[in-house]
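Containing PDB, C-alpha atoms: target.pdb.
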```pdb
MODEL        1
ATOM      1  CA  MET W   1     -21.921  21.260 -21.702
ATOM      2  CA  LYS W   2     -20.587  18.281 -19.756
ATOM      3  CA  ARG W   3     -17.545  20.283 -18.540
ATOM      4  CA  GLN W   4     -19.806  22.668 -16.663
ATOM      5  CA  LEU W   5     -21.571  19.787 -14.957
ATOM      6  CA  LEU W   6     -18.484  18.202 -13.444
ATOM      7  CA  LYS W   7     -18.527  18.087  -9.675
ATOM      8  CA  ILE W   8     -16.474  16.909  -6.746
ATOM      9  CA  LYS W   9     -18.599  14.056  -5.480
ATOM     10  CA  ALA W  10     -16.576  13.252  -2.350
ATOM     11  CA  TYR W  11     -13.213  14.024  -0.790
ATOM     12  CA  ALA W  12     -11.069  12.496   1.917
ATOM     13  CA  SER W  13      -7.867  13.295   3.723
ATOM     14  CA  ILE W  14      -5.374  11.793   6.130
ATOM     15  CA  ALA W  15      -3.238  14.272   8.053
ATOM     16  CA  ASN W  16      -2.443  15.297  11.624
ATOM     17  CA  ASN W  17      -3.499  11.889  13.016
ATOM     18  CA  ARG W  18      -6.960  12.258  11.519
ATOM     19  CA  VAL W  19      -8.820  10.523   8.716
ATOM     20  CA  SER W  20     -11.635  12.603   7.241
ATOM     21  CA  LEU W  21     -14.345  11.892   4.719
ATOM     22  CA  ASN W  22     -16.084  14.973   3.305
ATOM     23  CA  ASP W  23     -16.630  17.281   6.255
ATOM     24  CA  GLY W  24     -16.512  14.625   8.978
ATOM     25  CA  ILE W  25     -13.705  12.903  10.891
ATOM     26  CA  VAL W  26     -14.014   9.118  10.541
ATOM     27  CA  PHE W  27     -10.969   8.162  12.620
ATOM     28  CA  SER W  28      -8.494   9.925  14.871
ATOM     29  CA  GLU W  29      -5.787   8.760  17.232
ATOM     30  CA  GLU W  30      -3.536  11.368  18.756
ATOM     31  CA  LYS W  31      -0.780   9.377  20.436
ATOM     32  CA  ASN W  32       0.522   6.953  17.835
ATOM     33  CA  ASP W  33       3.379   7.232  15.345
ATOM     34  CA  LEU W  34       2.481   6.988  11.650
ATOM     35  CA  SER W  35       2.913   3.226  11.393
ATOM     36  CA  ALA W  36       0.705   2.497  14.430
ATOM     37  CA  PHE W  37      -1.772   5.182  13.388
ATOM     38  CA  LEU W  38      -2.211   3.654   9.944
ATOM     39  CA  LYS W  39      -2.647   0.187  11.447
ATOM     40  CA  GLN W  40      -5.340   1.441  13.833
ATOM     41  CA  ALA W  41      -7.044   3.371  11.026
ATOM     42  CA  TYR W  42      -7.000   0.252   8.819
ATOM     43  CA  LYS W  43      -8.729  -1.752  11.561
ATOM     44  CA  SER W  44     -11.158   0.957  12.577
ATOM     45  CA  LEU W  45     -12.244   1.630   8.992
ATOM     46  CA  ASP W  46     -12.798  -2.071   8.326
ATOM     47  CA  THR W  47     -10.533  -1.938   5.282
ATOM     48  CA  ASN W  48     -10.132  -5.712   5.008
ATOM     49  CA  TYR W  49      -7.257  -6.101   2.534
ATOM     50  CA  SER W  50      -4.471  -8.387   3.749
ATOM     51  CA  LYS W  51      -1.839  -6.947   1.382
ATOM     52  CA  PHE W  52      -2.228  -3.617   3.160
ATOM     53  CA  PHE W  53       0.493  -4.514   5.650
ATOM     54  CA  LYS W  54       2.954  -5.250   2.858
ATOM     55  CA  MET W  55       2.780  -1.745   1.459
ATOM     56  CA  ASP W  56       5.048   1.120   2.436
ATOM     57  CA  ALA W  57       3.643   4.143   4.270
ATOM     58  CA  LEU W  58       3.098   6.147   1.074
ATOM     59  CA  SER W  59       1.037   3.368  -0.484
ATOM     60  CA  LYS W  60      -0.896   2.788   2.753
ATOM     61  CA  LEU W  61      -1.821   6.472   2.909
ATOM     62  CA  GLY W  62      -3.027   6.596  -0.689
ATOM     63  CA  PHE W  63      -4.754   3.245  -0.409
ATOM     64  CA  LEU W  64      -6.667   4.113   2.773
ATOM     65  CA  ALA W  65      -7.740   7.546   1.537
ATOM     66  CA  ALA W  66      -8.906   6.088  -1.773
ATOM     67  CA  ASP W  67     -10.647   3.190  -0.058
ATOM     68  CA  ILE W  68     -12.875   5.314   2.150
ATOM     69  CA  ILE W  69     -13.998   7.416  -0.828
ATOM     70  CA  LEU W  70     -14.546   4.473  -3.164
ATOM     71  CA  LYS W  71     -16.450   2.531  -0.494
ATOM     72  CA  SER W  72     -18.638   5.530   0.309
ATOM     73  CA  THR W  73     -19.524   6.115  -3.338
ATOM     74  CA  GLN W  74     -19.969   2.502  -4.458
ATOM     75  CA  LYS W  75     -23.527   2.084  -5.669
ATOM     76  CA  GLU W  76     -23.595  -1.704  -5.784
ATOM     77  CA  PRO W  77     -21.067  -4.150  -4.370
ATOM     78  CA  ASP W  78     -18.916  -5.861  -7.021
ATOM     79  CA  LEU W  79     -20.228  -3.572  -9.748
ATOM     80  CA  GLU W  80     -17.383  -2.711 -12.108
ATOM     81  CA  ARG W  81     -16.746   1.039 -12.175
ATOM     82  CA  ASN W  82     -14.888   3.076 -14.742
ATOM     83  CA  THR W  83     -13.007   5.302 -12.324
ATOM     84  CA  ALA W  84      -9.571   6.545 -13.389
ATOM     85  CA  LEU W  85      -6.833   7.302 -10.872
ATOM     86  CA  VAL W  86      -4.705  10.445 -11.154
ATOM     87  CA  PHE W  87      -2.387  10.745  -8.185
ATOM     88  CA  SER W  88       0.581  12.970  -7.486
ATOM     89  CA  ASN W  89       3.157  13.929  -4.895
ATOM     90  CA  SER W  90       6.422  15.802  -4.514
ATOM     91  CA  ALA W  91       9.020  13.061  -4.025
ATOM     92  CA  SER W  92       7.759   9.765  -5.440
ATOM     93  CA  SER W  93       8.777   7.010  -2.967
ATOM     94  CA  LEU W  94      11.885   8.775  -1.637
ATOM     95  CA  ASP W  95      11.177   7.773   1.971
ATOM     96  CA  THR W  96      11.247   4.078   1.100
ATOM     97  CA  ASP W  97      14.071   4.510  -1.397
ATOM     98  CA  ARG W  98      16.224   5.743   1.489
ATOM     99  CA  LYS W  99      15.404   2.600   3.479
ATOM    100  CA  HIS W 100      16.342   0.456   0.514
ATOM    101  CA  GLN W 101      19.576   2.400   0.032
ATOM    102  CA  LYS W 102      20.419   1.790   3.690
ATOM    103  CA  SER W 103      19.886  -1.956   3.269
ATOM    104  CA  ILE W 104      22.396  -2.162   0.397
ATOM    105  CA  GLN W 105      24.954   0.386   1.563
ATOM    106  CA  ASP W 106      27.026  -1.971   3.680
ATOM    107  CA  LYS W 107      28.873  -4.240   1.243
ATOM    108  CA  ASP W 108      29.794  -6.680   4.013
ATOM    109  CA  ASN W 109      26.225  -6.952   5.208
ATOM    110  CA  TYR W 110      24.391  -6.775   1.908
ATOM    111  CA  PHE W 111      20.825  -7.989   2.281
ATOM    112  CA  PRO W 112      18.411  -5.982   0.136
ATOM    113  CA  SER W 113      14.906  -6.931   1.197
ATOM    114  CA  PRO W 114      12.700  -7.745  -1.803
ATOM    115  CA  ALA W 115       9.644  -6.450   0.060
ATOM    116  CA  VAL W 116      11.208  -3.019   0.474
ATOM    117  CA  PHE W 117      11.640  -2.436  -3.218
ATOM    118  CA  VAL W 118       8.645  -4.358  -4.513
ATOM    119  CA  TYR W 119       5.730  -3.376  -2.272
ATOM    120  CA  THR W 120       6.616   0.271  -2.668
ATOM    121  CA  LEU W 121       6.682   2.854  -5.417
ATOM    122  CA  PRO W 122       3.678   4.999  -6.378
ATOM    123  CA  ASN W 123       2.467   2.494  -8.964
ATOM    124  CA  ILE W 124       2.010  -0.114  -6.213
ATOM    125  CA  CYS W 125      -0.296   2.301  -4.405
ATOM    126  CA  LEU W 126      -2.373   2.731  -7.561
ATOM    127  CA  GLY W 127      -2.167  -0.957  -8.422
ATOM    128  CA  GLU W 128      -3.464  -2.125  -5.054
ATOM    129  CA  ILE W 129      -6.346   0.390  -5.161
ATOM    130  CA  SER W 130      -7.219  -0.930  -8.624
ATOM    131  CA  ILE W 131      -7.052  -4.567  -7.508
ATOM    132  CA  LYS W 132      -9.246  -4.073  -4.457
ATOM    133  CA  HIS W 133     -11.861  -2.000  -6.231
ATOM    134  CA  LYS W 134     -11.742  -3.854  -9.550
ATOM    135  CA  LEU W 135     -10.680  -0.799 -11.532
ATOM    136  CA  TYR W 136      -9.439  -1.565 -15.029
ATOM    137  CA  SER W 137      -9.246   2.097 -15.895
ATOM    138  CA  GLU W 138      -6.397   4.480 -16.602
ATOM    139  CA  ASN W 139      -4.060   5.390 -13.778
ATOM    140  CA  SER W 140      -1.210   7.888 -13.563
ATOM    141  CA  PHE W 141       1.083   9.183 -10.854
ATOM    142  CA  PHE W 142       2.734  12.572 -11.372
ATOM    143  CA  ILE W 143       5.481  14.344  -9.482
ATOM    144  CA  PHE W 144       5.082  18.080  -8.796
ATOM    145  CA  ASN W 145       6.766  20.461  -6.362
ATOM    146  CA  HIS W 146       3.402  21.317  -4.793
ATOM    147  CA  ILE W 147      -0.179  20.175  -5.309
ATOM    148  CA  ASN W 148      -0.884  21.151  -8.904
ATOM    149  CA  THR W 149      -4.606  21.860  -8.970
ATOM    150  CA  GLY W 150      -4.481  23.148 -12.543
ATOM    151  CA  TYR W 151      -2.926  19.966 -13.887
ATOM    152  CA  LEU W 152      -5.217  17.660 -11.886
ATOM    153  CA  PHE W 153      -8.238  19.716 -12.940
ATOM    154  CA  ASP W 154      -7.359  19.570 -16.643
ATOM    155  CA  TYR W 155      -6.396  15.899 -16.572
ATOM    156  CA  ALA W 156      -9.589  14.825 -14.795
ATOM    157  CA  ASN W 157     -11.724  16.947 -17.127
ATOM    158  CA  ASN W 158     -10.053  15.515 -20.197
ATOM    159  CA  LEU W 159     -10.516  11.920 -19.055
ATOM    160  CA  ILE W 160     -14.235  12.400 -18.471
ATOM    161  CA  LEU W 161     -14.919  14.616 -21.476
ATOM    162  CA  SER W 162     -13.145  12.203 -23.804
ATOM    163  CA  ASN W 163     -15.141   9.320 -22.303
ATOM    164  CA  LYS W 164     -12.008   7.564 -21.042
ATOM    165  CA  ALA W 165     -13.539   7.442 -17.576
ATOM    166  CA  ASP W 166     -16.890   8.026 -15.906
ATOM    167  CA  GLU W 167     -15.247   9.397 -12.779
ATOM    168  CA  VAL W 168     -11.691  10.327 -11.772
ATOM    169  CA  LEU W 169     -10.169   9.893  -8.338
ATOM    170  CA  CYS W 170      -7.482  12.542  -7.971
ATOM    171  CA  GLY W 171      -4.931  12.516  -5.200
ATOM    172  CA  TRP W 172      -1.990  14.209  -3.537
ATOM    173  CA  VAL W 173      -0.083  11.833  -1.238
ATOM    174  CA  ASN W 174       3.202  12.610   0.469
ATOM    175  CA  CYS W 175       5.205  10.786   3.088
ATOM    176  CA  ASP W 176       8.652  11.407   4.539
ATOM    177  CA  GLY W 177       9.186   9.824   7.937
ATOM    178  CA  GLU W 178       6.528  11.154  10.282
ATOM    179  CA  ASP W 179       5.689  13.991   7.905
ATOM    180  CA  TYR W 180       2.716  12.824   5.871
ATOM    181  CA  GLU W 181      -0.466  13.901   4.119
ATOM    182  CA  ALA W 182      -3.027  12.375   1.802
ATOM    183  CA  PHE W 183      -5.816  14.228   0.038
ATOM    184  CA  VAL W 184      -8.071  12.598  -2.534
ATOM    185  CA  TYR W 185     -11.250  13.709  -4.251
ATOM    186  CA  LEU W 186     -13.619  12.134  -6.730
ATOM    187  CA  VAL W 187     -14.511  14.087  -9.864
ATOM    188  CA  SER W 188     -17.872  13.097 -11.289
ATOM    189  CA  THR W 189     -20.952  14.366 -13.067
ATOM    190  CA  GLU W 190     -22.738  13.915  -9.730
ATOM    191  CA  GLY W 191     -22.254  15.807  -6.481
ATOM    192  CA  THR W 192     -22.741  19.258  -5.076
ATOM    193  CA  ILE W 193     -19.270  20.824  -5.018
ATOM    194  CA  PRO W 194     -18.250  22.509  -8.285
ATOM    195  CA  HIS W 195     -15.128  20.995  -9.841
ATOM    196  CA  THR W 196     -12.919  24.076 -10.032
ATOM    197  CA  LYS W 197      -9.260  24.718  -9.214
ATOM    198  CA  GLU W 198     -10.335  27.056  -6.424
ATOM    199  CA  GLU W 199     -12.577  24.429  -4.792
ATOM    200  CA  ILE W 200      -9.850  21.771  -5.018
ATOM    201  CA  LEU W 201      -7.400  24.077  -3.268
ATOM    202  CA  LYS W 202      -9.983  25.055  -0.680
ATOM    203  CA  LEU W 203     -10.712  21.430   0.201
ATOM    204  CA  TYR W 204      -6.977  20.605   0.295
ATOM    205  CA  ASN W 205      -6.282  23.467   2.680
ATOM    206  CA  ILE W 206      -8.936  22.478   5.219
ATOM    207  CA  LYS W 207      -7.709  18.893   5.579
TER     208      LYS W 207
ATOM    209  CA  MET Z 208      13.860 -27.947  16.971
ATOM    210  CA  SER Z 209      10.639 -26.663  18.548
ATOM    211  CA  GLU Z 210      12.454 -23.458  19.467
ATOM    212  CA  LEU Z 211      13.555 -23.044  15.871
ATOM    213  CA  LYS Z 212      10.010 -23.593  14.633
ATOM    214  CA  GLN Z 213       8.720 -20.947  17.023
ATOM    215  CA  GLU Z 214      11.492 -18.596  15.899
ATOM    216  CA  LEU Z 215      10.613 -19.187  12.249
ATOM    217  CA  LYS Z 216       6.951 -18.407  12.855
ATOM    218  CA  GLU Z 217       7.885 -15.148  14.578
ATOM    219  CA  LYS Z 218      10.294 -14.175  11.783
ATOM    220  CA  ILE Z 219       7.795 -14.989   9.050
ATOM    221  CA  ILE Z 220       5.089 -12.865  10.657
ATOM    222  CA  THR Z 221       7.459  -9.943  11.235
ATOM    223  CA  GLN Z 222       9.477 -10.002   8.029
ATOM    224  CA  LEU Z 223       6.596 -10.793   5.707
ATOM    225  CA  ASN Z 224       4.299  -8.250   7.404
ATOM    226  CA  LEU Z 225       1.592 -10.801   8.181
ATOM    227  CA  GLU Z 226       0.143  -8.557  10.856
ATOM    228  CA  ASP Z 227      -3.281 -10.148  10.766
ATOM    229  CA  ILE Z 228      -1.871 -13.555  11.692
ATOM    230  CA  ALA Z 229      -0.912 -14.755  15.182
ATOM    231  CA  ILE Z 230       1.868 -17.284  15.850
ATOM    232  CA  GLU Z 231      -0.703 -19.738  17.249
ATOM    233  CA  GLU Z 232      -2.502 -19.718  13.910
ATOM    234  CA  ILE Z 233       0.459 -21.249  12.069
ATOM    235  CA  ALA Z 234       0.593 -25.005  12.529
ATOM    236  CA  ASP Z 235       3.908 -26.777  11.910
ATOM    237  CA  ASN Z 236       2.561 -28.646   8.897
ATOM    238  CA  ASP Z 237       0.409 -25.913   7.367
ATOM    239  CA  PRO Z 238       1.354 -25.131   3.766
ATOM    240  CA  LEU Z 239       3.027 -21.721   3.661
ATOM    241  CA  PHE Z 240       2.040 -20.942   0.073
ATOM    242  CA  GLY Z 241      -1.219 -21.341  -1.828
ATOM    243  CA  ASP Z 242      -4.165 -22.206   0.373
ATOM    244  CA  GLY Z 243      -2.128 -22.112   3.580
ATOM    245  CA  LEU Z 244      -0.662 -18.818   4.692
ATOM    246  CA  GLY Z 245      -1.117 -17.474   1.174
ATOM    247  CA  LEU Z 246       2.467 -16.340   0.709
ATOM    248  CA  ASP Z 247       3.464 -15.166  -2.774
ATOM    249  CA  SER Z 248       6.599 -15.090  -4.938
ATOM    250  CA  ILE Z 249       7.923 -11.941  -3.272
ATOM    251  CA  ASP Z 250       7.575 -13.646   0.094
ATOM    252  CA  ALA Z 251       9.591 -16.570  -1.288
ATOM    253  CA  LEU Z 252      12.414 -14.167  -2.198
ATOM    254  CA  GLU Z 253      12.167 -12.674   1.279
ATOM    255  CA  LEU Z 254      12.527 -16.135   2.821
ATOM    256  CA  ILE Z 255      15.615 -16.826   0.677
ATOM    257  CA  VAL Z 256      17.183 -13.600   2.004
ATOM    258  CA  MET Z 257      16.243 -14.623   5.545
ATOM    259  CA  LEU Z 258      17.920 -18.032   5.167
ATOM    260  CA  ASP Z 259      21.131 -16.317   4.065
ATOM    261  CA  LYS Z 260      21.055 -13.467   6.567
ATOM    262  CA  ASP Z 261      19.997 -15.356   9.678
ATOM    263  CA  TYR Z 262      21.208 -18.903   9.102
ATOM    264  CA  GLY Z 263      24.057 -18.591   6.594
ATOM    265  CA  ILE Z 264      22.294 -20.761   4.021
ATOM    266  CA  LYS Z 265      22.675 -19.622   0.413
ATOM    267  CA  LEU Z 266      20.135 -20.948  -2.038
ATOM    268  CA  THR Z 267      21.636 -20.548  -5.480
ATOM    269  CA  ASP Z 268      18.584 -21.954  -7.217
ATOM    270  CA  PRO Z 269      15.338 -20.204  -6.180
ATOM    271  CA  LYS Z 270      13.434 -23.308  -7.296
ATOM    272  CA  GLU Z 271      14.872 -25.114  -4.277
ATOM    273  CA  GLY Z 272      12.697 -22.853  -2.142
ATOM    274  CA  LYS Z 273       9.542 -24.515  -3.402
ATOM    275  CA  LYS Z 274      10.367 -27.673  -1.467
ATOM    276  CA  ILE Z 275      12.143 -26.091   1.502
ATOM    277  CA  PHE Z 276       9.386 -23.584   2.201
ATOM    278  CA  GLU Z 277       6.570 -26.112   2.064
ATOM    279  CA  SER Z 278       5.860 -25.872   5.798
ATOM    280  CA  ILE Z 279       7.470 -24.726   9.055
ATOM    281  CA  GLU Z 280       8.273 -28.370   9.835
ATOM    282  CA  ILE Z 281      10.205 -28.891   6.575
ATOM    283  CA  MET Z 282      11.874 -25.486   6.768
ATOM    284  CA  ALA Z 283      13.103 -26.073  10.318
ATOM    285  CA  ALA Z 284      14.489 -29.499   9.408
ATOM    286  CA  TYR Z 285      16.364 -28.046   6.415
ATOM    287  CA  ILE Z 286      17.797 -25.179   8.446
ATOM    288  CA  SER Z 287      18.931 -27.495  11.241
ATOM    289  CA  GLU Z 288      20.812 -29.611   8.751
ATOM    290  CA  HIS Z 289      22.398 -26.849   6.659
ATOM    291  CA  ARG Z 290      22.854 -23.816   8.897
ATOM    292  CA  SER Z 291      26.293 -22.239   9.314
ATOM    293  CA  LYS Z 292      25.209 -19.685  11.916
TER     294      LYS Z 292
ENDMDL
END
```
Could you write out this file's structure as C-alpha cells?
Amino acid sequence: MKRQLLKIKAYASIANNRVSLNDGIVFSEEKNDLSAFLKQAYKSLDTNYSKFFKMDALSKLGFLAADIILKSTQKEPDLERNTALVFSNSASSLDTDRKHQKSIQDKDNYFPSPAVFVYTLPNICLGEISIKHKLYSENSFFIFNHINTGYLFDYANNLILSNKADEVLCGWVNCDGEDYEAFVYLVSTEGTIPHTKEEILKLYNIK
Amino acid sequence: MSELKQELKEKIITQLNLEDIAIEEIADNDPLFGDGLGLDSIDALELIVMLDKDYGIKLTDPKEGKKIFESIEIMAAYISEHRSK
C-alpha cells in the first residue's frame, strides 16, 4: 500500500544560529542577531532571490529552510515538480503585525509602510517559495498551539494518497523577535526515514 | 541637488530593502522601475509614503508617481520644487 511506503526524504531546520540539512550543519554564525544571521545565511547558501530582503523574518525563515531542501532534492533544474506545501506555526505573523500596529498607532505621525503589511503574512512565505521553485501545487498554512505532528502527518498522507501531490513539504516556522525556529521536512515515496508521527517529532526535537 | 540625489539613493536602498544594491550602482538617470532597479507596485506605494513622511509632499493620485519616480534625477527635481519640509 502506498501509505506504508511514504518516507521523509529530507529535513532541514534553522534554530540557535544554525542552519541544518538532514544530519549536517550547512551554516552557523554565533554572534549575529536574527536579521544579520538570516542575511549571512542567505549569502552563504547561495539562495539568489532578490525578493528575499523584502520579506519579514517569518517568511525569510520558512523560505530559507524550504529552499535548502528543495534545492537538495531537485532532480533536474527547471523541471516542474508537484510538491505541495503544508506549513504551520503558533502565532501567524504576530511579530510583524506588532510592527505594523506601531506604525499606525500615532495618529499625528501616521505612516503605515506598505512593505510591512504586504511582504509579510504566512501566505507570502508560501507564495515566494512557490514562485522561486515553480510550484503550482496546493499550499496551506495552519495555526496550532504546538507542532501538530498528527495533523501534518494526516494532511501530507492524504495529499499524496489522493494524488493531489507527488511530495509534500511540511513545516513549522515561528518567529517572535529574537525567538525563532524553522523545521521543514519533505514527505515522499522515496527516502530512508519512515514517515511516522514519532519520526517527525524526533527530527523536530534534534534541530 | 546632488546631496538630495545621494539621500534619495540611500533612502530607496534602505526603505525598499534593496540590500543587494550599492548606492554607486544607481545612476541618476537609471529607470527605477521595469528594467532598471526593478521596483514593483508595492515599492511605488512605499515611495509615495516616503514623499509624504520625509518631504511633506502628498500625492493624491498614485498615477502621478509613474512620472515622478521615473529616475533619481526626476524625483529629486520634483522634490526640490514641491517639498514643504
What box, with edges along x, y and z, holds each listed atom of segment 179-186 of chain W when 5 Å is added on every side, and can you state its centre and edge lengths in Å to one decimal, as lines of an AutoDock Vina configuration file?
```
center_x = -4.0
center_y = 13.2
center_z = 0.6
size_x = 29.3
size_y = 12.1
size_z = 24.6
```
| request: Can you give me, as a PyMOL selection string, the residues this file yields under the ChimeraX specification (/Z :<9) & /W? | output: chain W and resi 50-51+53-55+109-115+118-119
| message | Could you check the closest approach to Phe63 of chain W for each of W:Glu167, W:Phe27, W:Phe87, W:Leu79 and tell me which residue wins, using only C-alpha atoms? | response | W:Phe87
| request: Quick one: everything within 9 Å of segment 153-164 of chain W, counting all atoms listed in the file, minus sequence neighbours fewer than 4 positions away in the same chain. Send it as an NGL selection string. | output: :W and (2-3 or 6 or 82 or 84-86 or 137-138 or 148-149 or 168-170 or 187-189 or 195-197 or 200)
| Protein and nucleic acid residues near (3.0, -20.6, 15.4) (cut-off 10 Å, all atoms listed in the file) as JSON, numbers by chain | {"Z": [212, 213, 214, 215, 216, 217, 219, 220, 228, 229, 230, 231, 232, 233, 234, 235, 237, 279]}
| field | For atom CA of Gln101 of chain W and atom CA of Lys292 of chain Z, the interatomic separation in Å (one decimal) | value |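 Taking atom CA of Gln101 of chain W and atom CA of Lys292 of chain Z, their separation equals 25.7 Å.
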| task | Grab the atom CA of Lys7 of chain W to atom CA of Pro194 of chain W distance for me, in Å with one decimal place. | result |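 Result for atom CA of Lys7 of chain W versus atom CA of Pro194 of chain W: 4.6 Å, one decimal.
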| How far is it from atom CA of Ser130 of chain W to atom CA of Leu239 of chain Z, in Å with one decimal? | 26.2 Å
| request: Pick out the closest residue to Tyr285 of chain Z from this set: Z:Leu258, Z:Glu210, Z:Leu244, Z:Thr267. Count all atoms listed in the file. | output: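 So, comparing all the options, the nearest one is Z:Leu258.
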